[in-house]
>>> print(open('start-v8.pdb').read())   # PDB, C-alpha atoms
ATOM      1  CA  MET R   4       0.000   0.000   0.000
ATOM      2  CA  SER R   5       1.429   3.366  -0.934
ATOM      3  CA  ALA R   6       1.881   6.304   1.372
ATOM      4  CA  VAL R   7      -1.102   8.550   1.933
ATOM      5  CA  PRO R   8      -0.258  12.219   1.363
ATOM      6  CA  GLY R   9      -0.588  14.239   4.530
ATOM      7  CA  CYS R  10      -0.442  11.208   6.857
ATOM      8  CA  GLU R  11       2.358  11.854   9.309
ATOM      9  CA  LEU R  12       2.807   8.134   9.966
ATOM     10  CA  CYS R  13       3.156   7.358   6.269
ATOM     11  CA  ALA R  14       5.931   9.942   6.069
ATOM     12  CA  ALA R  15       9.368   8.439   6.545
ATOM     13  CA  ALA R  16      10.662  11.244   8.732
ATOM     14  CA  SER R  17       9.459  12.514  12.087
ATOM     15  CA  PRO R  18       8.093  16.004  12.504
ATOM     16  CA  ALA R  19      10.862  17.908  14.314
ATOM     17  CA  GLY R  20      11.436  16.377  17.738
ATOM     18  CA  ALA R  21       8.324  14.193  17.698
ATOM     19  CA  TRP R  22       9.862  10.714  17.651
ATOM     20  CA  GLN R  23      12.814   8.611  16.565
ATOM     21  CA  VAL R  24      12.914   5.177  14.975
ATOM     22  CA  VAL R  25      14.218   2.527  17.366
ATOM     23  CA  ALA R  26      13.698  -0.642  15.340
ATOM     24  CA  ALA R  27      11.968  -1.738  12.172
ATOM     25  CA  ASP R  28      11.183  -4.728  10.036
ATOM     26  CA  GLU R  29       9.357  -5.182   6.764
ATOM     27  CA  ARG R  30       5.930  -4.686   8.252
ATOM     28  CA  LEU R  31       6.285  -2.258  11.141
ATOM     29  CA  ARG R  32       8.440   0.334  12.839
ATOM     30  CA  VAL R  33       8.983   0.924  16.554
ATOM     31  CA  LEU R  34       9.306   4.594  17.474
ATOM     32  CA  ARG R  35      10.304   6.242  20.730
ATOM     33  CA  VAL R  36       8.172   9.291  21.440
ATOM     34  CA  LEU R  37      10.220  12.399  22.199
ATOM     35  CA  ASP R  38       7.557  15.053  22.677
ATOM     36  CA  ALA R  39       5.802  13.750  25.805
ATOM     37  CA  PRO R  40       8.280  14.727  28.536
ATOM     38  CA  ALA R  41       6.044  13.528  31.369
ATOM     39  CA  PHE R  42       6.219   9.987  29.929
ATOM     40  CA  PRO R  43       9.835   9.302  29.048
ATOM     41  CA  ALA R  44       9.336   5.597  28.338
ATOM     42  CA  PHE R  45       6.717   5.993  25.628
ATOM     43  CA  TYR R  46       7.023   3.922  22.443
ATOM     44  CA  ARG R  47       4.820   3.374  19.422
ATOM     45  CA  VAL R  48       4.510   0.329  17.186
ATOM     46  CA  VAL R  49       3.488   1.729  13.804
ATOM     47  CA  TRP R  50       2.256  -0.528  11.030
ATOM     48  CA  ARG R  51       3.970   0.426   7.763
ATOM     49  CA  ALA R  52       0.942   0.111   5.490
ATOM     50  CA  HIS R  53      -1.717   2.763   5.856
ATOM     51  CA  VAL R  54      -4.621   0.923   7.430
ATOM     52  CA  ALA R  55      -6.942   2.502   9.969
ATOM     53  CA  GLU R  56      -8.111  -0.359  12.139
ATOM     54  CA  PHE R  57      -6.482  -3.364  13.800
ATOM     55  CA  SER R  58      -9.044  -5.657  12.162
ATOM     56  CA  ASP R  59      -8.044  -4.337   8.740
ATOM     57  CA  LEU R  60      -4.939  -6.496   9.106
ATOM     58  CA  ALA R  61      -4.899 -10.141   8.065
ATOM     59  CA  ALA R  62      -4.697 -12.565  10.987
ATOM     60  CA  ALA R  63      -0.982 -13.246  10.466
ATOM     61  CA  ASP R  64      -0.290  -9.519  10.466
ATOM     62  CA  ARG R  65      -2.343  -8.977  13.623
ATOM     63  CA  LEU R  66      -0.258 -11.683  15.244
ATOM     64  CA  HIS R  67       3.013 -10.106  14.182
ATOM     65  CA  CYS R  68       1.855  -6.663  15.243
ATOM     66  CA  MET R  69       0.855  -7.787  18.726
ATOM     67  CA  GLU R  70       3.974  -9.884  19.209
ATOM     68  CA  ALA R  71       5.934  -6.706  18.491
ATOM     69  CA  VAL R  72       3.776  -4.825  21.013
ATOM     70  CA  ALA R  73       4.408  -7.578  23.576
ATOM     71  CA  ALA R  74       8.150  -7.424  22.860
ATOM     72  CA  VAL R  75       8.223  -3.675  23.504
ATOM     73  CA  GLU R  76       6.195  -4.203  26.663
ATOM     74  CA  GLN R  77       8.607  -6.880  27.867
ATOM     75  CA  ALA R  78      11.637  -4.710  27.177
ATOM     76  CA  LEU R  79      10.082  -1.905  29.212
ATOM     77  CA  ARG R  80       9.144  -4.209  32.079
ATOM     78  CA  GLN R  81      12.562  -5.802  32.289
ATOM     79  CA  ALA R  82      14.551  -2.578  32.131
ATOM     80  CA  LEU R  83      12.318  -0.277  34.136
ATOM     81  CA  ALA R  84       9.989  -2.351  36.349
ATOM     82  CA  PRO R  85       7.162   0.136  35.809
ATOM     83  CA  THR R  86       4.037   0.176  37.948
ATOM     84  CA  LYS R  87       1.962  -0.669  34.866
ATOM     85  CA  ILE R  88       2.159  -0.849  31.105
ATOM     86  CA  ASN R  89      -0.511   0.992  29.126
ATOM     87  CA  LEU R  90      -1.358  -0.161  25.594
ATOM     88  CA  ALA R  91      -3.663   1.688  23.230
ATOM     89  CA  SER R  92      -4.585   1.921  19.579
ATOM     90  CA  LEU R  93      -6.794   4.982  19.142
ATOM     91  CA  GLY R  94      -6.051   6.812  15.893
ATOM     92  CA  ASN R  95      -8.892   9.304  16.100
ATOM     93  CA  VAL R  96      -6.577  12.087  14.907
ATOM     94  CA  VAL R  97      -4.136  10.059  12.799
ATOM     95  CA  PRO R  98      -6.087   7.053  11.472
ATOM     96  CA  HIS R  99      -3.011   5.006  10.566
ATOM     97  CA  LEU R 100      -2.644   1.936  12.772
ATOM     98  CA  HIS R 101      -0.257   2.573  15.655
ATOM     99  CA  TRP R 102      -0.012   1.157  19.152
ATOM    100  CA  HIS R 103       1.025   3.283  22.084
ATOM    101  CA  VAL R 104       3.142   1.333  24.585
ATOM    102  CA  VAL R 105       3.763   3.440  27.677
ATOM    103  CA  ALA R 106       5.542   2.566  30.911
ATOM    104  CA  ARG R 107       3.583   4.122  33.761
ATOM    105  CA  PHE R 108       4.900   4.824  37.232
ATOM    106  CA  ALA R 109       3.040   5.558  40.448
ATOM    107  CA  TRP R 110       5.001   8.816  40.604
ATOM    108  CA  ASP R 111       4.189  10.035  37.111
ATOM    109  CA  SER R 112       2.123  13.173  36.613
ATOM    110  CA  HIS R 113      -1.080  11.365  35.666
ATOM    111  CA  PHE R 114      -1.039   8.008  37.457
ATOM    112  CA  PRO R 115      -3.406   6.196  37.869
ATOM    113  CA  ALA R 116      -5.327   8.210  35.286
ATOM    114  CA  PRO R 117      -4.710   7.579  31.577
ATOM    115  CA  ILE R 118      -2.055   9.770  29.983
ATOM    116  CA  TRP R 119      -4.823  11.590  28.081
ATOM    117  CA  ALA R 120      -6.640  12.696  31.239
ATOM    118  CA  ALA R 121      -5.780  15.729  33.341
ATOM    119  CA  ALA R 122      -2.482  15.727  35.229
ATOM    120  CA  GLN R 123      -2.775  15.001  38.927
ATOM    121  CA  ARG R 124       0.619  16.368  40.035
ATOM    122  CA  PRO R 125       3.811  17.873  38.579
ATOM    123  CA  SER R 126       6.297  15.554  36.897
ATOM    124  CA  PRO R 127       9.155  14.705  39.265
ATOM    125  CA  GLY R 128      12.361  15.662  37.487
ATOM    126  CA  ASP R 129      14.683  13.221  39.232
ATOM    127  CA  ALA R 130      12.602  10.124  38.648
ATOM    128  CA  THR R 131      11.915  11.126  35.056
ATOM    129  CA  ALA R 132      15.618  11.671  34.392
ATOM    130  CA  GLN R 133      16.463   8.311  35.938
ATOM    131  CA  VAL R 134      14.079   6.575  33.522
ATOM    132  CA  ALA R 135      15.429   8.592  30.614
ATOM    133  CA  SER R 136      18.977   7.480  31.452
ATOM    134  CA  ARG R 137      17.981   3.863  30.796
ATOM    135  CA  LEU R 138      16.251   4.297  27.460
ATOM    136  CA  ALA R 139      19.269   3.441  25.342
ATOM    137  CA  ALA R 140      19.221   0.005  26.964
ATOM    138  CA  VAL R 141      15.481  -0.284  26.357
ATOM    139  CA  ASP R 142      15.972   0.638  22.706
ATOM    140  CA  ALA R 143      18.665  -2.031  22.323
ATOM    141  CA  ALA R 144      16.447  -4.653  23.933
ATOM    142  CA  ILE R 145      13.599  -3.751  21.582
ATOM    143  CA  ARG R 146      15.867  -4.038  18.542
ATOM    144  CA  ALA R 147      17.041  -7.474  19.669
ATOM    145  CA  ALA R 148      13.520  -8.675  20.396
ATOM    146  CA  LEU R 149      12.084  -7.464  17.112
ATOM    147  CA  ALA R 150      14.902  -9.136  15.216
ATOM    148  CA  GLY R 151      13.967 -12.378  16.978
ATOM    149  CA  LEU R 152      10.361 -12.373  15.807
ATOM    150  CA  THR R 153      10.132 -14.647  12.800
ATOM    151  CA  PRO R 154       8.718 -12.639   9.894
ATOM    152  CA  GLY R 155       5.420 -14.026   8.754
ATOM    153  CA  ARG R 156       4.953 -16.129  11.836
ATOM    154  CA  GLY R 157       5.004 -13.459  14.544
TER     155      GLY R 157
ATOM    156  CA  MET Q   8      -5.264 -19.083  38.749
ATOM    157  CA  SER Q   9      -7.675 -18.394  41.574
ATOM    158  CA  ALA Q  10      -9.678 -15.230  42.059
ATOM    159  CA  VAL Q  11      -7.971 -12.372  43.848
ATOM    160  CA  PRO Q  12     -10.072 -11.001  46.723
ATOM    161  CA  GLY Q  13     -11.144  -7.429  46.108
ATOM    162  CA  CYS Q  14     -10.513  -7.560  42.345
ATOM    163  CA  GLU Q  15     -13.734  -6.520  40.667
ATOM    164  CA  LEU Q  16     -12.792  -8.349  37.458
ATOM    165  CA  CYS Q  17     -12.139 -11.590  39.316
ATOM    166  CA  ALA Q  18     -15.618 -11.334  40.820
ATOM    167  CA  ALA Q  19     -18.215 -13.209  38.787
ATOM    168  CA  ALA Q  20     -20.882 -10.533  39.108
ATOM    169  CA  SER Q  21     -20.897  -6.933  37.994
ATOM    170  CA  PRO Q  22     -21.114  -4.093  40.482
ATOM    171  CA  ALA Q  23     -24.690  -2.795  40.130
ATOM    172  CA  GLY Q  24     -25.219  -1.435  36.634
ATOM    173  CA  ALA Q  25     -21.552  -1.485  35.639
ATOM    174  CA  TRP Q  26     -21.563  -4.117  32.909
ATOM    175  CA  GLN Q  27     -23.203  -7.256  31.592
ATOM    176  CA  VAL Q  28     -21.663 -10.407  30.159
ATOM    177  CA  VAL Q  29     -22.225 -10.709  26.408
ATOM    178  CA  ALA Q  30     -20.161 -13.782  25.583
ATOM    179  CA  ALA Q  31     -17.587 -16.007  27.227
ATOM    180  CA  ASP Q  32     -15.335 -18.949  26.658
ATOM    181  CA  GLU Q  33     -12.912 -20.866  28.852
ATOM    182  CA  ARG Q  34     -10.286 -18.157  28.824
ATOM    183  CA  LEU Q  35     -12.072 -14.819  28.573
ATOM    184  CA  ARG Q  36     -15.344 -12.962  28.912
ATOM    185  CA  VAL Q  37     -16.732 -10.166  26.749
ATOM    186  CA  LEU Q  38     -18.634  -7.527  28.713
ATOM    187  CA  ARG Q  39     -20.760  -4.638  27.544
ATOM    188  CA  VAL Q  40     -20.167  -1.530  29.633
ATOM    189  CA  LEU Q  41     -23.385  -0.021  30.996
ATOM    190  CA  ASP Q  42     -22.116   2.898  33.055
ATOM    191  CA  ALA Q  43     -20.570   5.088  30.338
ATOM    192  CA  PRO Q  44     -23.677   6.637  28.752
ATOM    193  CA  ALA Q  45     -21.706   8.873  26.381
ATOM    194  CA  PHE Q  46     -20.205   5.734  24.791
ATOM    195  CA  PRO Q  47     -23.047   3.296  24.244
ATOM    196  CA  ALA Q  48     -20.999   0.858  22.147
ATOM    197  CA  PHE Q  49     -18.309   0.169  24.725
ATOM    198  CA  TYR Q  50     -17.201  -3.427  25.323
ATOM    199  CA  ARG Q  51     -14.450  -5.064  27.338
ATOM    200  CA  VAL Q  52     -12.576  -8.283  26.704
ATOM    201  CA  VAL Q  53     -11.595  -9.512  30.159
ATOM    202  CA  TRP Q  54      -9.094 -12.322  30.628
ATOM    203  CA  ARG Q  55     -10.435 -14.789  33.183
ATOM    204  CA  ALA Q  56      -7.165 -15.425  35.015
ATOM    205  CA  HIS Q  57      -5.872 -12.597  37.158
ATOM    206  CA  VAL Q  58      -2.796 -11.379  35.303
ATOM    207  CA  ALA Q  59      -1.804  -7.735  35.160
ATOM    208  CA  GLU Q  60      -0.008  -7.360  31.858
ATOM    209  CA  PHE Q  61      -0.592  -8.530  28.286
ATOM    210  CA  SER Q  62       2.912 -10.024  28.195
ATOM    211  CA  ASP Q  63       2.106 -12.118  31.271
ATOM    212  CA  LEU Q  64       0.087 -14.311  28.910
ATOM    213  CA  ALA Q  65       1.665 -17.163  26.974
ATOM    214  CA  ALA Q  66       1.912 -16.533  23.242
ATOM    215  CA  ALA Q  67      -1.081 -18.758  22.426
ATOM    216  CA  ASP Q  68      -3.165 -16.889  24.978
ATOM    217  CA  ARG Q  69      -2.093 -13.507  23.637
ATOM    218  CA  LEU Q  70      -3.210 -14.690  20.205
ATOM    219  CA  HIS Q  71      -6.590 -15.844  21.476
ATOM    220  CA  CYS Q  72      -7.082 -12.654  23.462
ATOM    221  CA  MET Q  73      -6.368 -10.407  20.491
ATOM    222  CA  GLU Q  74      -8.454 -12.474  18.093
ATOM    223  CA  ALA Q  75     -11.343 -11.944  20.511
ATOM    224  CA  VAL Q  76     -10.579  -8.207  20.559
ATOM    225  CA  ALA Q  77     -10.524  -8.188  16.748
ATOM    226  CA  ALA Q  78     -13.833 -10.073  16.665
ATOM    227  CA  VAL Q  79     -15.493  -7.494  18.920
ATOM    228  CA  GLU Q  80     -14.007  -4.732  16.778
ATOM    229  CA  GLN Q  81     -15.350  -6.336  13.612
ATOM    230  CA  ALA Q  82     -18.822  -6.782  15.088
ATOM    231  CA  LEU Q  83     -18.888  -3.093  16.027
ATOM    232  CA  ARG Q  84     -17.646  -1.998  12.620
ATOM    233  CA  GLN Q  85     -20.135  -4.100  10.711
ATOM    234  CA  ALA Q  86     -23.161  -3.148  12.783
ATOM    235  CA  LEU Q  87     -22.424   0.501  13.503
ATOM    236  CA  ALA Q  88     -19.904   1.814  10.934
ATOM    237  CA  PRO Q  89     -18.232   3.962  13.602
ATOM    238  CA  THR Q  90     -15.822   6.755  12.746
ATOM    239  CA  LYS Q  91     -13.060   4.861  14.588
ATOM    240  CA  ILE Q  92     -12.496   1.970  16.938
ATOM    241  CA  ASN Q  93     -10.453   2.652  20.072
ATOM    242  CA  LEU Q  94      -8.600  -0.222  21.773
ATOM    243  CA  ALA Q  95      -6.818   0.050  25.086
ATOM    244  CA  SER Q  96      -5.428  -2.089  27.876
ATOM    245  CA  LEU Q  97      -4.566   0.221  30.770
ATOM    246  CA  GLY Q  98      -5.366  -1.366  34.131
ATOM    247  CA  ASN Q  99      -3.826   1.319  36.295
ATOM    248  CA  VAL Q 100      -6.779   1.159  38.678
ATOM    249  CA  VAL Q 101      -7.812  -2.478  38.201
ATOM    250  CA  PRO Q 102      -4.629  -4.384  37.268
ATOM    251  CA  HIS Q 103      -6.443  -7.415  35.843
ATOM    252  CA  LEU Q 104      -5.950  -7.743  32.095
ATOM    253  CA  HIS Q 105      -8.875  -6.230  30.202
ATOM    254  CA  TRP Q 106      -9.163  -4.626  26.790
ATOM    255  CA  HIS Q 107     -11.463  -1.704  26.167
ATOM    256  CA  VAL Q 108     -13.065  -1.855  22.709
ATOM    257  CA  VAL Q 109     -15.005   1.325  22.028
ATOM    258  CA  ALA Q 110     -16.850   2.458  18.907
ATOM    259  CA  ARG Q 111     -16.222   6.164  18.479
ATOM    260  CA  PHE Q 112     -18.282   8.561  16.411
ATOM    261  CA  ALA Q 113     -17.495  12.024  15.121
ATOM    262  CA  TRP Q 114     -20.571  13.237  16.995
ATOM    263  CA  ASP Q 115     -19.678  11.745  20.368
ATOM    264  CA  SER Q 116     -18.974  13.995  23.331
ATOM    265  CA  HIS Q 117     -15.196  13.539  23.240
ATOM    266  CA  PHE Q 118     -14.250  12.876  19.616
ATOM    267  CA  PRO Q 119     -11.474  13.061  18.456
ATOM    268  CA  ALA Q 120     -10.056  13.105  21.991
ATOM    269  CA  PRO Q 121      -9.702   9.843  23.916
ATOM    270  CA  ILE Q 122     -12.660   8.901  26.088
ATOM    271  CA  TRP Q 123     -10.549   9.659  29.165
ATOM    272  CA  ALA Q 124      -9.906  13.279  28.165
ATOM    273  CA  ALA Q 125     -12.236  16.200  28.777
ATOM    274  CA  ALA Q 126     -15.564  16.262  26.924
ATOM    275  CA  GLN Q 127     -15.680  18.607  23.959
ATOM    276  CA  ARG Q 128     -19.465  18.860  23.589
ATOM    277  CA  PRO Q 129     -22.688  17.437  25.075
ATOM    278  CA  SER Q 130     -23.709  13.907  24.095
ATOM    279  CA  PRO Q 131     -26.388  14.006  21.377
ATOM    280  CA  GLY Q 132     -29.327  12.014  22.713
ATOM    281  CA  ASP Q 133     -30.781  10.953  19.364
ATOM    282  CA  ALA Q 134     -27.586   9.573  17.888
ATOM    283  CA  THR Q 135     -26.710   7.843  21.149
ATOM    284  CA  ALA Q 136     -30.142   6.223  21.329
ATOM    285  CA  GLN Q 137     -29.850   5.072  17.721
ATOM    286  CA  VAL Q 138     -26.596   3.280  18.521
ATOM    287  CA  ALA Q 139     -28.099   1.809  21.691
ATOM    288  CA  SER Q 140     -30.987   0.374  19.682
ATOM    289  CA  ARG Q 141     -28.553  -1.773  17.702
ATOM    290  CA  LEU Q 142     -26.563  -3.255  20.561
ATOM    291  CA  ALA Q 143     -28.582  -6.448  20.816
ATOM    292  CA  ALA Q 144     -27.477  -7.227  17.264
ATOM    293  CA  VAL Q 145     -23.865  -6.371  18.140
ATOM    294  CA  ASP Q 146     -24.030  -8.657  21.170
ATOM    295  CA  ALA Q 147     -25.348 -11.504  19.015
ATOM    296  CA  ALA Q 148     -22.587 -10.993  16.446
ATOM    297  CA  ILE Q 149     -19.961 -11.048  19.187
ATOM    298  CA  ARG Q 150     -21.349 -14.282  20.612
ATOM    299  CA  ALA Q 151     -21.263 -15.905  17.176
ATOM    300  CA  ALA Q 152     -17.738 -14.695  16.450
ATOM    301  CA  LEU Q 153     -16.336 -15.793  19.784
ATOM    302  CA  ALA Q 154     -17.871 -19.229  19.348
ATOM    303  CA  GLY Q 155     -16.066 -19.443  16.006
ATOM    304  CA  LEU Q 156     -12.608 -18.852  17.446
ATOM    305  CA  THR Q 157     -10.950 -22.221  17.874
ATOM    306  CA  PRO Q 158      -9.922 -22.621  21.507
ATOM    307  CA  GLY Q 159      -6.197 -22.923  21.841
ATOM    308  CA  ARG Q 160      -5.507 -21.675  18.375
ATOM    309  CA  GLY Q 161      -7.169 -18.249  18.453
TER     310      GLY Q 161
END
>>> encode(input="start-v8.pdb", output="structure tokens")
Amino acid sequence: MSAVPGCELCAAASPAGAWQVVAADERLRVLRVLDAPAFPAFYRVVWRAHVAEFSDLAAADRLHCMEAVAAVEQALRQALAPTKINLASLGNVVPHLHWHVVARFAWDSHFPAPIWAAAQRPSPGDATAQVASRLAAVDAAIRAALAGLTPGRG
Amino acid sequence: MSAVPGCELCAAASPAGAWQVVAADERLRVLRVLDAPAFPAFYRVVWRAHVAEFSDLAAADRLHCMEAVAAVEQALRQALAPTKINLASLGNVVPHLHWHVVARFAWDSHFPAPIWAAAQRPSPGDATAQVASRLAAVDAAIRAALAGLTPGRG
């Protein structure tokens, strides 16, 4: 499927400072979100083809997509021991299939509310910086895990 | 895995008016949410065993779980032609694996914001009632689809 003009997730490059590519295979890319400072360990699994809904994918592609989501989740859990992982595929604004994978901490600005709700407290700088200092290791773990998923079989 | 005392998703019965069971198999239940009137077509896929995170499931269980989520999504799309489907597994408050599957409409009170963000407009009663009138058909489609998923193989 070809890129859809104006779709920011079809575009190869990130809008300035929005995200960076951490890992990729033939069917999907894993991005680290850079423009949500309250949530430093925030990744997205973005399907390469422009489809809107999860159920637009064939079953084998759904499997591969969710095994990639689970791999990102596992990398976050092992490196950061977060209070909870939040997963979401919304796409109301950008209807190109992408999964948010966010490590949540009891100390973060919104916990236990969803990241889209109102903040409940300021972001603690020290704890946020400590998480940020470990993201290179998370990125490496995600790259290794994605490489280990057998293409076509999840 | 046995039920965890105090976990409302381990409990067999709904808190009064919170949800009703639409379909179930050995591993999961599909609930229709009753206490979110702005989002009449709001379902949850709840894993029966008390696990917190998606990646706590074995691969075969992840597959079955997400094929059930996709089946609910497809039933909503076919019956209601929503503007978008929203999927999320958060669990910050109730850390027992459950997937929200919500049909969103351009006219709903929050669109295009997530359902957890601030409302952008009042809920339109007529459109909401029209969706509500079709939920029995959605429920029936979900039951049929879940019965068609081969246990153990998704």
>>> closest_residue(input="start-v8.pdb", among="Q:Leu16, Q:Ala88, Q:Leu94, Q:Ala56", to="chain R", atoms="all atoms listed in the file")
Q:Leu94
>>> closest_residue(input="start-v8.pdb", among="Q:Trp54, Q:Glu60, Q:Val40, Q:Trp26", to="Leu79 of chain R", atoms="all atoms listed in the file")
Q:Glu60
>>> closest_residue(input="start-v8.pdb", among="Q:Ala126, Q:Leu41, Q:Val109, Q:Val100", to="chain R", atoms="all atoms listed in the file")
Q:Val100
>>> residues_around(input="start-v8.pdb", residues="segment 112-117 of chain R", least_positions_apart="6", cutoff="7 Å", atoms="only C-alpha atoms", output="PyMOL selection string")
(chain R and resi 41+123-126) or (chain Q and resi 99-100+123)
>>> resolve_selection(input="start-v8.pdb", expression="the PyMOL selection byres ((chain R) within 10 of (chain Q))", output="PDB file with C-alpha atoms, keeping the file's coordinate frame")
ATOM      1  CA  ALA R  55      -6.942   2.502   9.969  1.00  0.00           C
ATOM      2  CA  GLU R  56      -8.111  -0.359  12.139  1.00  0.00           C
ATOM      3  CA  PHE R  57      -6.482  -3.364  13.800  1.00  0.00           C
ATOM      4  CA  SER R  58      -9.044  -5.657  12.162  1.00  0.00           C
ATOM      5  CA  ASP R  59      -8.044  -4.337   8.740  1.00  0.00           C
ATOM      6  CA  LEU R  60      -4.939  -6.496   9.106  1.00  0.00           C
ATOM      7  CA  ALA R  62      -4.697 -12.565  10.987  1.00  0.00           C
ATOM      8  CA  ARG R  65      -2.343  -8.977  13.623  1.00  0.00           C
ATOM      9  CA  LEU R  66      -0.258 -11.683  15.244  1.00  0.00           C
ATOM     10  CA  HIS R  67       3.013 -10.106  14.182  1.00  0.00           C
ATOM     11  CA  MET R  69       0.855  -7.787  18.726  1.00  0.00           C
ATOM     12  CA  GLU R  70       3.974  -9.884  19.209  1.00  0.00           C
ATOM     13  CA  VAL R  72       3.776  -4.825  21.013  1.00  0.00           C
ATOM     14  CA  ALA R  73       4.408  -7.578  23.576  1.00  0.00           C
ATOM     15  CA  ALA R  74       8.150  -7.424  22.860  1.00  0.00           C
ATOM     16  CA  VAL R  75       8.223  -3.675  23.504  1.00  0.00           C
ATOM     17  CA  GLU R  76       6.195  -4.203  26.663  1.00  0.00           C
ATOM     18  CA  GLN R  77       8.607  -6.880  27.867  1.00  0.00           C
ATOM     19  CA  ARG R  80       9.144  -4.209  32.079  1.00  0.00           C
ATOM     20  CA  THR R  86       4.037   0.176  37.948  1.00  0.00           C
ATOM     21  CA  LYS R  87       1.962  -0.669  34.866  1.00  0.00           C
ATOM     22  CA  ILE R  88       2.159  -0.849  31.105  1.00  0.00           C
ATOM     23  CA  ASN R  89      -0.511   0.992  29.126  1.00  0.00           C
ATOM     24  CA  LEU R  90      -1.358  -0.161  25.594  1.00  0.00           C
ATOM     25  CA  ALA R  91      -3.663   1.688  23.230  1.00  0.00           C
ATOM     26  CA  SER R  92      -4.585   1.921  19.579  1.00  0.00           C
ATOM     27  CA  LEU R  93      -6.794   4.982  19.142  1.00  0.00           C
ATOM     28  CA  GLY R  94      -6.051   6.812  15.893  1.00  0.00           C
ATOM     29  CA  ASN R  95      -8.892   9.304  16.100  1.00  0.00           C
ATOM     30  CA  VAL R  96      -6.577  12.087  14.907  1.00  0.00           C
ATOM     31  CA  VAL R  97      -4.136  10.059  12.799  1.00  0.00           C
ATOM     32  CA  PRO R  98      -6.087   7.053  11.472  1.00  0.00           C
ATOM     33  CA  TRP R 102      -0.012   1.157  19.152  1.00  0.00           C
ATOM     34  CA  HIS R 103       1.025   3.283  22.084  1.00  0.00           C
ATOM     35  CA  VAL R 104       3.142   1.333  24.585  1.00  0.00           C
ATOM     36  CA  VAL R 105       3.763   3.440  27.677  1.00  0.00           C
ATOM     37  CA  ARG R 107       3.583   4.122  33.761  1.00  0.00           C
ATOM     38  CA  PHE R 108       4.900   4.824  37.232  1.00  0.00           C
ATOM     39  CA  ALA R 109       3.040   5.558  40.448  1.00  0.00           C
ATOM     40  CA  PHE R 114      -1.039   8.008  37.457  1.00  0.00           C
ATOM     41  CA  PRO R 115      -3.406   6.196  37.869  1.00  0.00           C
ATOM     42  CA  ALA R 116      -5.327   8.210  35.286  1.00  0.00           C
ATOM     43  CA  PRO R 117      -4.710   7.579  31.577  1.00  0.00           C
ATOM     44  CA  ILE R 118      -2.055   9.770  29.983  1.00  0.00           C
ATOM     45  CA  TRP R 119      -4.823  11.590  28.081  1.00  0.00           C
ATOM     46  CA  ALA R 120      -6.640  12.696  31.239  1.00  0.00           C
ATOM     47  CA  ALA R 121      -5.780  15.729  33.341  1.00  0.00           C
ATOM     48  CA  GLY R 157       5.004 -13.459  14.544  1.00  0.00           C
TER      49      GLY R 157
END
>>> resolve_selection(input="start-v8.pdb", expression="the PyMOL selection byres ((chain R and resi 137) around 10)", output="PyMOL selection string")
chain R and resi 43-44+79+82-83+132-136+138-142
>>> atom_distance(input="start-v8.pdb", atom1="atom CA of Leu104 of chain Q", atom2="atom CA of Ala154 of chain Q")
20.9 Å
>>> atom_distance(input="start-v8.pdb", atom1="atom CA of Cys68 of chain R", atom2="atom CA of Leu38 of chain Q")
24.5 Å
>>> closest_residue(input="start-v8.pdb", among="Q:Pro89, Q:Glu33, Q:Ala134, Q:Arg55", to="Ala19 of chain Q", atoms="only C-alpha atoms")
Q:Arg55
>>> atom_distance(input="start-v8.pdb", atom1="atom CA of His57 of chain Q", atom2="atom CA of Ala106 of chain R")
20.0 Å
>>> axis_aligned_box(input="start-v8.pdb", around="segment 136-140 of chain Q", padding_each_side="4 Å", output="lines of an AutoDock Vina configuration file")
center_x = -28.8
center_y = 3.3
center_z = 19.7
size_x = 12.4
size_y = 13.8
size_z = 12.0
>>> residues_around(input="start-v8.pdb", residues="Val49 of chain R", least_positions_apart="3", cutoff="6 Å", atoms="all atoms listed in the file", output="PyMOL selection string")
chain R and resi 31-32+101
>>> closest_residue(input="start-v8.pdb", among="Q:Ala148, Q:Val52, Q:Cys17, Q:Ala65", to="Asp32 of chain Q", atoms="all atoms listed in the file")
Q:Val52
